[in-house]
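Here's the structure we're looking at; comments come further down.
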Amino acid sequence: MGPASGNLWDPKLIIYQMLALQASLLGGAHVLFGTSLSLDHFFTARHMNYESATGWVGIAATVMAALAGSVMLVIVVEKSRKCLDFGATIYIFHLLFCSATRGCPSSWDWWIMHIVSLVVMVVLGEYLCSRVEMRDIPLIAL
C-alpha cells in the first residue's frame, strides 16, 4: 500500500500508542484500587487471589482496567483490525515487566485473570472500534 492509502508504517507512532495504552492500564488499575499502590500490586501475583478480600479487589481492578483499556483502544488505535495486536502486545509487555521485577508469575489466579482481561479488552475494543468505523459519514448538502 502506498502513501495515498494512509497505511504508512510509523514506528514512533506505534511506540507512543503502546506507551499510552500501558499507562492507561496501570493508571486505571491505580485509580480503581483506591489505595496507595506499590510496584508489588502491579507486578506480582501476591495481591491477586480468590482467597481474600484484597485479592478480589485486585481482580476487580484488573478487569475494570481491561474495560477502560478497551475504550482506550478506540481512542488510541482507532481500527478494529489492530485491537488484537495492540492488546496482546500490551499484556506481553506486562508479563515481561512482571518477570523482570519479581520473576515469572506462578499463580494460576494471576494467569487466569490476565488472560480473561486480555480477552475482554480485545473483544470489547474490537466491537467498539467497529461501531465507530461503521458510523455514517456526514455529507454537506450543496
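Residue numbers start at 1 in each chain; chains themselves are named A, B, ... in the order of the C-alpha cells; ligands are numbered from 1 in the order shown.
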Who sits within 10 Å of stretch 127-141 of chain A, only C-alpha atoms, same chain under 3 positions skipped, as a VMD selection string: chain A and resid 70 to 71 73 to 75 77 to 83 121 to 124
Between stretch 113-133 of chain A and stretch 8-25 of chain A, at 12 Å or less, what are the per-residue closest atom pairs and their distances in Å? Count only C-alpha atoms, order by chain and rising residue number, and return it as a Markdown table.
| residue | atom | partner | partner_atom | distance |
| --- | --- | --- | --- | --- |
| A:His114 | CA | A:Leu25 | CA | 11.9 |
| A:Ser117 | CA | A:Leu25 | CA | 10.8 |
| A:Leu118 | CA | A:Leu25 | CA | 11.3 |
| A:Met121 | CA | A:Leu25 | CA | 10.4 |
Expected answer as a PyMOL selection string: helix (DSSP H, G or I) residues in chain A: chain A and resi 3-5+11-33+39-43+53-76+80-102+108-133
Restricted to C-alpha atoms, what would the selected residues look like written as a compact mmCIF listing (two decimals), in the first residue's frame?
# COMPACT_ATOMS: atom_id res chain seq x y z
CA PRO A 3 1.32 6.71 0.86
CA ALA A 4 -2.07 7.63 -0.61
CA SER A 5 -3.80 4.77 1.22
CA PRO A 11 7.31 3.09 14.41
CA LYS A 12 7.32 6.21 16.63
CA LEU A 13 3.53 6.40 16.47
CA ILE A 14 3.22 2.71 17.36
CA ILE A 15 5.56 3.12 20.33
CA TYR A 16 3.63 6.16 21.57
CA GLN A 17 0.36 4.28 21.20
CA MET A 18 1.77 1.36 23.20
CA LEU A 19 3.01 3.70 25.92
CA ALA A 20 -0.37 5.42 26.10
CA LEU A 21 -2.19 2.10 26.41
CA GLN A 22 0.24 0.75 29.03
CA ALA A 23 -0.05 3.95 31.06
CA SER A 24 -3.83 3.83 30.85
CA LEU A 25 -3.92 0.23 32.09
CA LEU A 26 -1.59 0.89 35.01
CA GLY A 27 -3.18 4.26 35.77
CA GLY A 28 -6.65 2.78 35.53
CA ALA A 29 -5.71 0.00 37.93
CA HIS A 30 -4.24 2.57 40.31
CA VAL A 31 -7.45 4.61 40.31
CA LEU A 32 -9.63 1.51 40.67
CA PHE A 33 -7.67 0.12 43.62
CA LEU A 39 5.00 -1.89 42.32
CA ASP A 40 4.06 -5.17 44.01
CA HIS A 41 0.39 -4.54 43.21
CA PHE A 42 1.18 -4.27 39.51
CA PHE A 43 3.96 -6.77 39.04
CA ALA A 53 -10.94 -9.52 50.03
CA THR A 54 -7.78 -7.73 48.95
CA GLY A 55 -7.32 -10.32 46.21
CA TRP A 56 -10.86 -9.76 44.95
CA VAL A 57 -10.22 -6.02 44.84
CA GLY A 58 -7.14 -6.71 42.72
CA ILE A 59 -9.09 -8.98 40.41
CA ALA A 60 -11.90 -6.45 40.03
CA ALA A 61 -9.38 -3.68 39.34
CA THR A 62 -7.70 -5.80 36.68
CA VAL A 63 -10.97 -6.49 34.88
CA MET A 64 -12.09 -2.86 35.18
CA ALA A 65 -8.72 -1.71 33.84
CA ALA A 66 -9.29 -4.02 30.85
CA LEU A 67 -12.68 -2.38 30.28
CA ALA A 68 -11.02 1.03 30.40
CA GLY A 69 -8.29 -0.31 28.11
CA SER A 70 -10.90 -1.28 25.53
CA VAL A 71 -12.14 2.32 25.49
CA MET A 72 -8.54 3.47 25.15
CA LEU A 73 -8.14 1.15 22.16
CA VAL A 74 -10.94 3.08 20.47
CA ILE A 75 -9.30 6.41 21.27
CA VAL A 76 -5.67 5.48 20.57
CA SER A 80 -10.74 -2.84 14.92
CA ARG A 81 -8.25 -4.96 13.00
CA LYS A 82 -5.40 -3.63 15.18
CA CYS A 83 -7.05 -4.27 18.57
CA LEU A 84 -5.79 -7.84 18.93
CA ASP A 85 -2.23 -6.82 18.05
CA PHE A 86 -2.13 -3.91 20.46
CA GLY A 87 -3.97 -5.72 23.26
CA ALA A 88 -1.77 -8.81 23.10
CA THR A 89 1.38 -6.70 22.91
CA ILE A 90 0.37 -4.70 25.97
CA TYR A 91 -0.21 -7.85 28.02
CA ILE A 92 3.03 -9.43 26.75
CA PHE A 93 4.90 -6.30 27.85
CA HIS A 94 3.15 -6.54 31.21
CA LEU A 95 4.27 -10.18 31.53
CA LEU A 96 7.84 -9.17 30.67
CA PHE A 97 7.76 -6.36 33.26
CA CYS A 98 6.42 -8.79 35.86
CA SER A 99 9.08 -11.36 35.02
CA ALA A 100 11.85 -8.76 35.13
CA THR A 101 10.84 -7.35 38.52
CA ARG A 102 9.71 -10.36 40.55
CA TRP A 108 -2.96 -19.65 38.38
CA ASP A 109 -5.09 -16.78 39.64
CA TRP A 110 -2.75 -14.27 38.01
CA TRP A 111 -2.65 -16.13 34.68
CA ILE A 112 -6.41 -16.69 34.51
CA MET A 113 -7.25 -13.10 35.35
CA HIS A 114 -4.82 -11.64 32.84
CA ILE A 115 -5.98 -13.94 30.05
CA VAL A 116 -9.61 -13.08 30.84
CA SER A 117 -8.69 -9.38 30.95
CA LEU A 118 -6.91 -9.65 27.60
CA VAL A 119 -9.94 -11.31 26.02
CA VAL A 120 -12.30 -8.71 27.50
CA MET A 121 -10.12 -5.82 26.35
CA VAL A 122 -9.66 -7.13 22.81
CA VAL A 123 -13.24 -8.27 22.16
CA LEU A 124 -14.83 -5.15 23.59
CA GLY A 125 -12.21 -2.94 21.90
CA GLU A 126 -12.88 -4.57 18.52
CA TYR A 127 -16.63 -4.18 18.99
CA LEU A 128 -16.36 -0.51 19.97
CA CYS A 129 -13.89 0.25 17.16
CA SER A 130 -16.14 -1.43 14.61
CA ARG A 131 -19.09 0.63 15.85
CA VAL A 132 -17.06 3.81 15.35
CA GLU A 133 -15.86 2.67 11.92
